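Undergrad: query-v2.tsv is the file, holding TSV, C-alpha atoms (C1' of nucleotides):
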chain	number	residue	atom	x	y	z
A	1	MET	CA	-35.48	-8.22	15.62
A	2	ASP	CA	-34.43	-9.88	12.43
A	3	GLY	CA	-30.95	-8.49	11.92
A	4	LEU	CA	-29.35	-5.22	11.01
A	5	THR	CA	-29.69	-3.65	7.59
A	6	ILE	CA	-26.56	-2.62	5.81
A	7	GLY	CA	-27.36	1.02	6.49
A	8	GLU	CA	-27.70	0.29	10.19
A	9	VAL	CA	-24.33	-1.46	10.22
A	10	GLY	CA	-22.85	1.50	8.42
A	11	ARG	CA	-24.23	3.85	11.03
A	12	ARG	CA	-22.97	1.76	13.92
A	13	THR	CA	-19.49	1.38	12.51
A	14	GLY	CA	-19.15	4.74	10.81
A	15	LEU	CA	-18.52	3.11	7.46
A	16	ALA	CA	-19.99	3.65	4.02
A	17	THR	CA	-22.32	0.87	2.93
A	18	SER	CA	-20.34	0.69	-0.29
A	19	ALA	CA	-17.34	-0.44	1.73
A	20	LEU	CA	-19.32	-3.24	3.34
A	21	ARG	CA	-20.54	-4.46	-0.01
A	22	TYR	CA	-17.05	-4.19	-1.39
A	23	TRP	CA	-15.64	-6.32	1.43
A	24	GLU	CA	-18.32	-8.90	0.86
A	25	ARG	CA	-17.54	-9.12	-2.83
A	26	ALA	CA	-13.85	-9.30	-1.97
A	27	GLY	CA	-14.57	-12.39	0.10
A	28	ILE	CA	-13.73	-10.84	3.44
A	29	LEU	CA	-17.10	-10.44	5.08
A	30	PRO	CA	-19.26	-13.54	4.68
A	31	PRO	CA	-22.54	-12.84	2.86
A	32	PRO	CA	-25.32	-12.38	5.43
A	33	LEU	CA	-28.83	-13.77	5.25
A	34	ARG	CA	-31.33	-11.88	3.17
A	35	GLN	CA	-34.88	-10.70	3.48
A	36	ASN	CA	-36.50	-9.70	0.22
A	37	GLY	CA	-33.08	-9.60	-1.33
A	38	GLN	CA	-31.72	-7.23	1.31
A	39	ARG	CA	-28.87	-8.08	3.62
A	40	ARG	CA	-29.68	-8.69	7.28
A	41	TYR	CA	-26.62	-8.79	9.49
A	42	ASP	CA	-26.13	-10.51	12.79
A	43	ALA	CA	-25.02	-8.03	15.46
A	44	GLY	CA	-21.73	-9.93	15.69
A	45	VAL	CA	-20.68	-8.43	12.38
A	46	VAL	CA	-19.87	-5.21	14.20
A	47	ARG	CA	-17.12	-6.97	16.07
A	48	TRP	CA	-15.82	-8.57	12.89
A	49	ILE	CA	-15.64	-5.15	11.35
A	50	ALA	CA	-13.80	-3.81	14.38
A	51	VAL	CA	-11.20	-6.54	13.95
A	52	LEU	CA	-11.03	-5.86	10.24
A	53	ARG	CA	-10.48	-2.16	10.79
A	54	PHE	CA	-7.94	-2.82	13.44
A	55	ALA	CA	-5.98	-5.10	11.13
A	56	GLN	CA	-6.23	-2.53	8.38
A	57	GLY	CA	-4.95	0.12	10.72
A	58	ALA	CA	-2.05	-2.13	11.59
A	59	GLY	CA	-1.07	-2.16	7.92
A	60	PHE	CA	-2.57	-5.39	6.62
A	61	THR	CA	-3.96	-5.39	3.09
A	62	LEU	CA	-7.38	-6.81	2.33
A	63	ASP	CA	-5.68	-9.87	0.86
A	64	GLU	CA	-3.91	-10.46	4.12
A	65	ILE	CA	-7.05	-9.83	6.11
A	66	ARG	CA	-8.88	-12.37	4.00
A	67	THR	CA	-6.18	-14.84	4.97
A	68	LEU	CA	-6.52	-13.80	8.59
A	69	PHE	CA	-10.26	-14.47	8.56
A	70	HIS	CA	-10.60	-17.42	6.20
A	71	GLY	CA	-7.16	-18.71	5.37
A	72	PHE	CA	-6.50	-21.13	8.21
A	73	GLY	CA	-8.09	-24.28	9.50
A	74	ALA	CA	-11.28	-23.46	11.35
A	75	GLU	CA	-9.71	-24.55	14.63
A	76	THR	CA	-6.83	-22.08	14.42
A	77	PRO	CA	-7.32	-19.43	17.07
A	78	LEU	CA	-7.29	-15.80	16.09
A	79	GLY	CA	-4.16	-15.13	18.09
A	80	ALA	CA	-2.24	-17.77	16.16
A	81	ARG	CA	-3.49	-16.43	12.85
A	82	TRP	CA	-2.43	-12.96	13.79
A	83	GLU	CA	0.97	-14.16	14.81
A	84	ALA	CA	1.44	-16.01	11.54
A	85	LEU	CA	0.98	-12.78	9.62
A	86	ALA	CA	2.52	-10.35	12.06
A	87	HIS	CA	6.20	-11.15	11.58
A	88	ASP	CA	6.26	-10.35	7.89
A	89	LYS	CA	4.30	-7.20	8.50
A	90	LEU	CA	6.69	-6.07	11.19
A	91	ARG	CA	9.55	-6.51	8.78
A	92	GLU	CA	7.68	-4.54	6.14
A	93	LEU	CA	7.03	-1.76	8.61
A	94	ASP	CA	10.64	-1.68	9.68
A	95	ALA	CA	11.65	-1.42	6.04
A	96	LEU	CA	9.16	1.37	5.56
A	97	ILE	CA	10.40	3.27	8.57
A	98	ALA	CA	13.98	2.80	7.44
A	99	ARG	CA	13.11	4.10	4.02
A	100	ALA	CA	11.27	7.10	5.35
A	101	THR	CA	14.25	7.81	7.56
A	102	ARG	CA	16.57	7.67	4.57
A	103	MET	CA	14.25	10.06	2.77
A	104	ARG	CA	14.51	12.44	5.69
A	105	HIS	CA	18.27	12.29	5.45
A	106	ALA	CA	18.11	12.89	1.72
A	107	ILE	CA	16.02	16.00	2.21
A	108	GLU	CA	18.42	17.30	4.80
A	109	ALA	CA	21.36	16.57	2.56
A	110	GLY	CA	19.56	18.59	-0.11
A	111	LEU	CA	19.18	21.46	2.34
A	112	ALA	CA	22.86	21.36	3.15
A	113	CYS	CA	23.84	21.30	-0.49
A	114	GLY	CA	22.96	24.86	-1.47
A	115	CYS	CA	23.37	24.48	-5.24
A	116	VAL	CA	22.41	27.36	-7.49
A	117	SER	CA	21.20	25.55	-10.59
A	118	VAL	CA	20.39	22.04	-11.60
A	119	ASP	CA	23.45	21.86	-13.79
A	120	ASP	CA	25.98	22.52	-11.08
A	121	CYS	CA	24.39	20.27	-8.49
A	122	MET	CA	23.99	16.70	-7.76
A	123	ALA	CA	24.80	13.15	-7.70
A	124	GLY	CA	24.63	9.93	-9.56
A	125	ASP	CA	27.65	10.81	-11.58
A	126	PRO	CA	31.31	10.22	-10.64
A	127	SER	CA	32.43	13.54	-12.05
A	128	ALA	CA	30.05	15.34	-9.75
A	129	PRO	CA	31.47	18.44	-8.02
A	130	ALA	CA	31.64	17.32	-4.43
A	131	ASP	CA	29.49	15.60	-1.88
A	132	GLY	CA	26.19	16.50	-3.49
A	133	PRO	CA	23.01	14.94	-2.17
A	134	ALA	CA	24.07	11.44	-3.11
A	135	GLN	CA	22.93	8.72	-5.44
A	136	ALA	CA	19.68	7.51	-6.90
A	137	PRO	CA	16.22	7.04	-5.46
A	138	ALA	CA	15.92	3.28	-5.79
A	139	GLN	CA	12.48	3.42	-4.21
A	140	PRO	CA	10.51	6.25	-5.79
A	141	ALA	CA	7.79	7.08	-3.37
A	142	LEU	CA	5.48	6.42	-0.53
A	143	ARG	CA	1.83	6.84	-1.20
A	144	ARG	CA	-0.46	8.60	1.14
A	145	ALA	CA	-3.32	6.83	2.79
A	146	GLY	CA	-6.90	7.89	2.46
A	147	GLY	CA	-8.62	9.17	5.54
A	148	THR	CA	-11.65	7.38	6.97
A	149	ARG	CA	-14.38	9.25	5.14
B	1	MET	CA	27.01	14.87	-32.35
B	2	ASP	CA	23.52	16.17	-32.55
B	3	GLY	CA	22.08	15.11	-29.20
B	4	LEU	CA	21.02	11.95	-27.49
B	5	THR	CA	18.07	9.91	-28.62
B	6	ILE	CA	15.49	8.99	-26.04
B	7	GLY	CA	16.75	5.42	-26.06
B	8	GLU	CA	20.26	6.61	-25.37
B	9	VAL	CA	19.09	8.73	-22.44
B	10	GLY	CA	17.19	5.73	-21.14
B	11	ARG	CA	20.34	3.64	-21.31
B	12	ARG	CA	22.47	6.24	-19.57
B	13	THR	CA	20.01	6.80	-16.78
B	14	GLY	CA	18.60	3.31	-16.45
B	15	LEU	CA	15.08	4.52	-17.10
B	16	ALA	CA	12.35	3.35	-19.44
B	17	THR	CA	11.79	5.65	-22.37
B	18	SER	CA	8.11	5.62	-21.50
B	19	ALA	CA	8.95	7.35	-18.23
B	20	LEU	CA	10.84	10.10	-20.05
B	21	ARG	CA	7.93	10.70	-22.39
B	22	TYR	CA	5.56	10.64	-19.44
B	23	TRP	CA	7.57	13.29	-17.61
B	24	GLU	CA	7.65	15.43	-20.69
B	25	ARG	CA	3.89	15.23	-21.09
B	26	ALA	CA	3.52	15.94	-17.38
B	27	GLY	CA	5.41	19.19	-17.89
B	28	ILE	CA	8.45	18.22	-15.86
B	29	LEU	CA	11.10	17.67	-18.50
B	30	PRO	CA	11.09	20.40	-21.12
B	31	PRO	CA	10.46	19.08	-24.64
B	32	PRO	CA	13.79	18.69	-26.44
B	33	LEU	CA	14.60	19.63	-30.01
B	34	ARG	CA	13.61	17.20	-32.71
B	35	GLN	CA	15.14	15.69	-35.80
B	36	ASN	CA	12.67	14.09	-38.16
B	37	GLY	CA	10.16	14.13	-35.40
B	38	GLN	CA	12.43	12.34	-32.97
B	39	ARG	CA	13.61	13.80	-29.69
B	40	ARG	CA	17.27	14.82	-29.46
B	41	TYR	CA	18.39	15.56	-25.93
B	42	ASP	CA	21.18	17.76	-24.71
B	43	ALA	CA	23.60	15.83	-22.50
B	44	GLY	CA	22.60	18.09	-19.60
B	45	VAL	CA	19.30	16.27	-19.39
B	46	VAL	CA	21.09	13.45	-17.61
B	47	ARG	CA	21.80	15.76	-14.72
B	48	TRP	CA	18.24	17.04	-14.66
B	49	ILE	CA	17.07	13.48	-14.46
B	50	ALA	CA	19.47	12.78	-11.62
B	51	VAL	CA	17.98	15.68	-9.69
B	52	LEU	CA	14.48	14.52	-10.53
B	53	ARG	CA	15.19	11.02	-9.31
B	54	PHE	CA	16.85	12.30	-6.21
B	55	ALA	CA	13.82	14.44	-5.38
B	56	GLN	CA	11.57	11.49	-6.08
B	57	GLY	CA	13.63	9.33	-3.80
B	58	ALA	CA	13.32	11.98	-1.12
B	59	GLY	CA	9.56	11.62	-1.31
B	60	PHE	CA	8.48	14.45	-3.57
B	61	THR	CA	5.58	13.84	-5.92
B	62	LEU	CA	5.79	14.78	-9.59
B	63	ASP	CA	3.57	17.75	-8.85
B	64	GLU	CA	6.05	18.99	-6.30
B	65	ILE	CA	8.97	18.30	-8.58
B	66	ARG	CA	7.30	20.32	-11.30
B	67	THR	CA	7.13	23.16	-8.83
B	68	LEU	CA	10.76	22.59	-7.92
B	69	PHE	CA	11.84	22.85	-11.55
B	70	HIS	CA	9.44	25.39	-12.99
B	71	GLY	CA	7.44	26.93	-10.17
B	72	PHE	CA	9.68	29.76	-9.08
B	73	GLY	CA	11.08	32.87	-10.62
B	74	ALA	CA	13.93	31.98	-12.94
B	75	GLU	CA	16.41	33.68	-10.64
B	76	THR	CA	15.56	31.53	-7.63
B	77	PRO	CA	18.49	29.22	-6.92
B	78	LEU	CA	17.88	25.49	-6.68
B	79	GLY	CA	18.87	25.44	-3.03
B	80	ALA	CA	16.21	27.98	-2.16
B	81	ARG	CA	13.60	26.08	-4.14
B	82	TRP	CA	14.47	22.89	-2.36
B	83	GLU	CA	14.25	24.57	0.97
B	84	ALA	CA	10.84	26.00	0.18
B	85	LEU	CA	9.49	22.52	-0.37
B	86	ALA	CA	11.54	20.62	2.16
B	87	HIS	CA	9.86	21.71	5.37
B	88	ASP	CA	6.42	20.40	4.47
B	89	LYS	CA	7.93	17.19	3.23
B	90	LEU	CA	9.85	16.68	6.43
B	91	ARG	CA	6.62	17.08	8.37
B	92	GLU	CA	4.92	14.60	6.09
B	93	LEU	CA	7.71	12.14	6.60
B	94	ASP	CA	7.61	12.56	10.34
B	95	ALA	CA	3.88	11.90	10.25
B	96	LEU	CA	4.49	8.83	8.14
B	97	ILE	CA	7.14	7.51	10.49
B	98	ALA	CA	4.90	8.17	13.47
B	99	ARG	CA	2.07	6.34	11.80
B	100	ALA	CA	4.22	3.37	10.90
B	101	THR	CA	5.45	3.28	14.44
B	102	ARG	CA	1.88	3.25	15.73
B	103	MET	CA	1.15	0.40	13.35
B	104	ARG	CA	4.08	-1.52	14.79
B	105	HIS	CA	2.65	-1.02	18.26
B	106	ALA	CA	-0.76	-2.16	17.07
B	107	ILE	CA	0.68	-5.36	15.68
B	108	GLU	CA	2.51	-6.03	18.89
B	109	ALA	CA	-0.61	-5.34	20.90
B	110	GLY	CA	-2.36	-7.89	18.70
B	111	LEU	CA	0.39	-10.39	19.44
B	112	ALA	CA	-0.01	-9.83	23.16
B	113	CYS	CA	-3.75	-10.20	23.00
B	114	GLY	CA	-4.03	-13.93	22.34
B	115	CYS	CA	-7.74	-14.07	21.55
B	116	VAL	CA	-9.26	-17.31	20.35
B	117	SER	CA	-12.02	-16.10	18.06
B	118	VAL	CA	-13.09	-12.85	16.52
B	119	ASP	CA	-16.14	-12.71	18.74
B	120	ASP	CA	-14.29	-12.70	22.03
B	121	CYS	CA	-11.61	-10.28	20.98
B	122	MET	CA	-11.19	-6.67	20.35
B	123	ALA	CA	-11.78	-3.11	20.65
B	124	GLY	CA	-13.82	-0.19	19.55
B	125	ASP	CA	-16.60	-1.07	21.90
B	126	PRO	CA	-16.87	-0.08	25.56
B	127	SER	CA	-18.20	-3.45	26.62
B	128	ALA	CA	-15.10	-5.13	25.27
B	129	PRO	CA	-13.55	-7.79	27.53
B	130	ALA	CA	-10.34	-6.19	28.61
B	131	ASP	CA	-7.46	-4.28	27.07
B	132	GLY	CA	-7.91	-5.63	23.58
B	133	PRO	CA	-5.77	-4.23	20.75
B	134	ALA	CA	-7.36	-0.80	21.02
B	135	GLN	CA	-9.50	1.44	18.89
B	136	ALA	CA	-9.98	2.10	15.24
B	137	PRO	CA	-7.58	2.45	12.30
B	138	ALA	CA	-8.19	6.07	11.38
B	139	GLN	CA	-5.58	5.82	8.65
B	140	PRO	CA	-6.14	2.63	6.69
B	141	ALA	CA	-2.94	1.88	4.94
B	142	LEU	CA	0.43	2.64	3.54
B	143	ARG	CA	1.00	1.77	-0.06
B	144	ARG	CA	4.11	0.15	-1.31
B	145	ALA	CA	6.35	1.86	-3.77
B	146	GLY	CA	7.35	0.46	-7.12
B	147	GLY	CA	10.94	-0.57	-7.58
B	148	THR	CA	13.16	1.05	-10.18
B	149	ARG	CA	12.79	-1.48	-12.97
C	1	DC	C1'	13.47	-4.83	-51.80
C	2	DT	C1'	13.40	-6.53	-47.31
C	3	DA	C1'	14.65	-6.68	-42.69
C	4	DC	C1'	15.75	-4.47	-38.66
C	5	DA	C1'	16.24	-1.25	-34.97
C	6	DC	C1'	14.64	2.63	-33.43
C	7	DC	C1'	11.50	6.20	-33.07
C	8	DT	C1'	6.39	8.35	-32.97
C	9	DT	C1'	1.39	8.77	-31.12
C	10	DG	C1'	-2.94	8.13	-28.31
C	11	DA	C1'	-5.45	5.03	-25.68
C	12	DA	C1'	-5.84	1.80	-22.35
C	13	DG	C1'	-4.14	-1.14	-18.54
C	14	DT	C1'	-2.00	-1.69	-13.71
C	15	DC	C1'	-2.23	-1.66	-8.50
C	16	DG	C1'	-5.60	-1.10	-3.90
C	17	DG	C1'	-9.51	0.24	-1.80
C	18	DC	C1'	-12.86	2.03	-2.26
C	19	DT	C1'	-16.85	5.69	-4.15
C	20	DT	C1'	-20.17	7.09	-7.37
C	21	DC	C1'	-23.58	6.41	-10.77
C	22	DA	C1'	-27.62	4.69	-13.27
C	23	DA	C1'	-31.38	1.92	-13.17
C	24	DG	C1'	-34.27	-1.00	-10.78
C	25	DT	C1'	-36.83	-3.41	-6.50
C	26	DC	C1'	-39.54	-3.18	-2.39
C	27	DA	C1'	-42.35	-1.88	1.81
C	28	DA	C1'	-44.52	1.53	4.50
C	29	DG	C1'	-47.09	5.96	4.84
C	30	DG	C1'	-50.35	9.58	3.23
D	1	DC	C1'	-52.02	5.33	-6.25
D	2	DC	C1'	-47.99	7.80	-5.49
D	3	DT	C1'	-44.09	9.24	-3.00
D	4	DT	C1'	-40.30	8.49	0.00
D	5	DG	C1'	-36.44	6.17	1.60
D	6	DA	C1'	-33.67	2.34	1.90
D	7	DC	C1'	-32.12	-1.21	-0.37
D	8	DT	C1'	-30.28	-3.98	-4.88
D	9	DT	C1'	-26.92	-4.61	-9.02
D	10	DG	C1'	-23.01	-4.00	-12.37
D	11	DA	C1'	-20.11	-0.75	-14.36
D	12	DA	C1'	-17.24	2.92	-14.20
D	13	DG	C1'	-14.38	6.50	-11.93
D	14	DC	C1'	-10.53	8.03	-8.76
D	15	DC	C1'	-5.56	8.70	-7.18
D	16	DG	C1'	-0.13	8.45	-8.95
D	17	DA	C1'	3.30	7.10	-11.77
D	18	DC	C1'	3.97	4.78	-14.95
D	19	DT	C1'	3.81	0.59	-18.59
D	20	DT	C1'	1.93	-1.64	-22.42
D	21	DC	C1'	-0.26	-1.89	-26.74
D	22	DA	C1'	-1.51	-1.06	-31.51
D	23	DA	C1'	-0.42	1.08	-35.56
D	24	DG	C1'	2.63	3.57	-38.11
D	25	DG	C1'	7.06	6.38	-39.55
D	26	DT	C1'	12.10	6.54	-40.64
D	27	DG	C1'	17.00	5.47	-41.49
D	28	DT	C1'	20.45	2.15	-42.44
D	29	DA	C1'	22.41	-2.46	-43.76
D	30	DG	C1'	22.48	-6.39	-46.64
Would it be possible to restate this file's structure as structure tokens?
TA:
Amino acid sequence: MDGLTIGEVGRRTGLATSALRYWERAGILPPPLRQNGQRRYDAGVVRWIAVLRFAQGAGFTLDEIRTLFHGFGAETPLGARWEALAHDKLRELDALIARATRMRHAIEAGLACGCVSVDDCMAGDPSAPADGPAQAPAQPALRRAGGTR
Amino acid sequence: MDGLTIGEVGRRTGLATSALRYWERAGILPPPLRQNGQRRYDAGVVRWIAVLRFAQGAGFTLDEIRTLFHGFGAETPLGARWEALAHDKLRELDALIARATRMRHAIEAGLACGCVSVDDCMAGDPSAPADGPAQAPAQPALRRAGGTR
DNA sequence: CTACACCTTGAAGTCGGCTTCAAGTCAAGG
DNA sequence: CCTTGACTTGAAGCCGACTTCAAGGTGTAG
């Protein structure tokens, strides 16, 4: 046994090999040894990838995950690293949830409004008819996330 | 008075003129009359834009907003159009909120875990130590939304 | 005439996290 | 020797909603 090929790692983790190469280039996965120019991974990489995917699922960007993996002194335990990043992320998530909740309310306000045409409806303007759906968007959208292949 | 220039509309609505042109090309705002090749908008466009921005703020994509504005028979009232689109969007938002809430839980599980290194932590694998942070991500991320200039 | 402010267009750039493609390398099997 | 299959690379494409850029037109003021 001289290490896993990238295809083997892909099979074991359910990931595309292109993603593994991408993470390596992005400085997240350390470059493995090579045999004849081909990557040979230590079996431990599977666990690293599990942590990576977990962090991604928790909402961390690759930038943040790079920090999680390589951005602290080598002696800093994983738990402490996680904690250092978690508070900001929790606040981001709370903001996201709050925003999504406001969007829900906006949609319901739109349902309650019952306008006939664009020109007799709506907000944003002090001379507006009544209690139309309210003001501006402020935060345009929320993008969807890609599935896992 | 022969209509508002695009710059004037931008000023009144707080939008970049590039956005107005983009929406026109995207088939959302109808092309206005022109004088010497320049767009001259009817004052009513301001209200259209308010509705557009409101819908955007409620989470609708430009595709959906195009449907909202131009995708029904001309006799269909705005309220009915809104309703036709609202139910799916509410479900999407609920899914989003649920996902964000799961992400919150994941982060908190990570905080409770207290692992020292990547190799002694984590999930996804049946031989894992204990009740590590749990399984996979399934839905990678949530993208941030751009502010309103 | 020049300067200036405003408008026009199409093409390309931005962000994140990949995927896809073209072209090439390499080892094992028939 | 030739094919097959897995690997390598860099470059480009994708999604959404725009912004930015280059190059040029037009109207008005001084």
Undergrad: May I have a table of the residues of chain D lying at most 8 Å from chain A, giving each one's closest pair of atoms and their distance in Å to one decimal, counting only C-alpha atoms (C1' of nucleotides), ordered by chain and ascending residue number, as a Markdown table?
TA:
| residue | atom | partner | partner_atom | distance |
| --- | --- | --- | --- | --- |
| D:DA6 | C1' | A:Gly7 | CA | 7.9 |
| D:DC7 | C1' | A:Gln38 | CA | 6.3 |
| D:DT8 | C1' | A:Gln38 | CA | 7.1 |
Undergrad: Check which residues of chain A sit at most 8 Å from chain C using all atoms listed in the file, and return one row each with the closest pair of atoms and their distance in Å to one decimal, ordered by chain and rising number, as a Markdown table.
TA:
| residue | atom | partner | partner_atom | distance |
| --- | --- | --- | --- | --- |
| A:Ser18 | CA | C:DT19 | C1' | 7.2 |
| A:Ala19 | CA | C:DC18 | C1' | 6.5 |
| A:Tyr22 | CA | C:DC18 | C1' | 7.5 |
| A:Asn36 | CA | C:DC26 | C1' | 7.7 |
Undergrad: Which residues are near segment 61-73 of chain B? Cut-off 8 Å, all atoms listed in the file, ignore same chain within fewer than 4 positions. Put them as a list of chain:residue names.
TA: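 Non-adjacent residues within range: A:Ala141, B:Gly27, B:Ile28, B:Leu52, B:Ala55, B:Gln56, B:Leu78, B:Arg81, B:Trp82, B:Leu85.
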Undergrad: Work out how far apart atom CA of Glu75 of chain A and atom CA of Pro30 of chain A are and give it in Å to one decimal.
TA: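 Atom-to-atom, atom CA of Glu75 of chain A and atom CA of Pro30 of chain A are spaced 17.6 Å apart.
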Undergrad: What does the distance from atom CA of Arg12 of chain B to atom CA of Tyr41 of chain B come to in Å, to one decimal?
TA: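 These atoms are spaced 12.0 Å apart.
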Undergrad: Would you mind telling me which residue in B:Ala74, B:Val116, B:Leu4, B:Ala16 lies nearest to chain A when using all atoms listed in the file?
TA: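 Nearest to chain A: B:Val116.
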Undergrad: For each of A:Val9, A:Ile107, A:Val45, A:Ala95, take the minimum atom-to-atom distance to chain B, counting all atoms listed in the file, then give the residue where this is smallest.
TA: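 Among the listed residues, A:Ile107 lies closest to chain B.
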Undergrad: What is the atom CA of Ala58 of chain B-atom C1' of DC18 of chain D distance in Å, reported with one decimal?
TA: 18.2 Å
Undergrad: Of the candidates B:Leu96, B:His105, B:Gly57, B:Leu20, which one gets nearest to chain A if we count all atoms listed in the file?
TA: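 Checking each of B:Leu96, B:His105, B:Gly57, B:Leu20 against chain A, counting all atoms listed in the file, the winner is B:Gly57.
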Undergrad: Could you check which of B:Gly3, B:Pro77, B:Ala26, B:Asp94 is closest to chain A, using only C-alpha atoms?
TA: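 Looking only at the distances to chain A, the closest residue turns out to be B:Pro77.
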Undergrad: Taking all atoms listed in the file into account, which of B:Cys115, B:Ala109, B:Ala43, B:Leu29 comes nearest chain A?
TA: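 Closest residue, counting all atoms listed in the file: B:Cys115.
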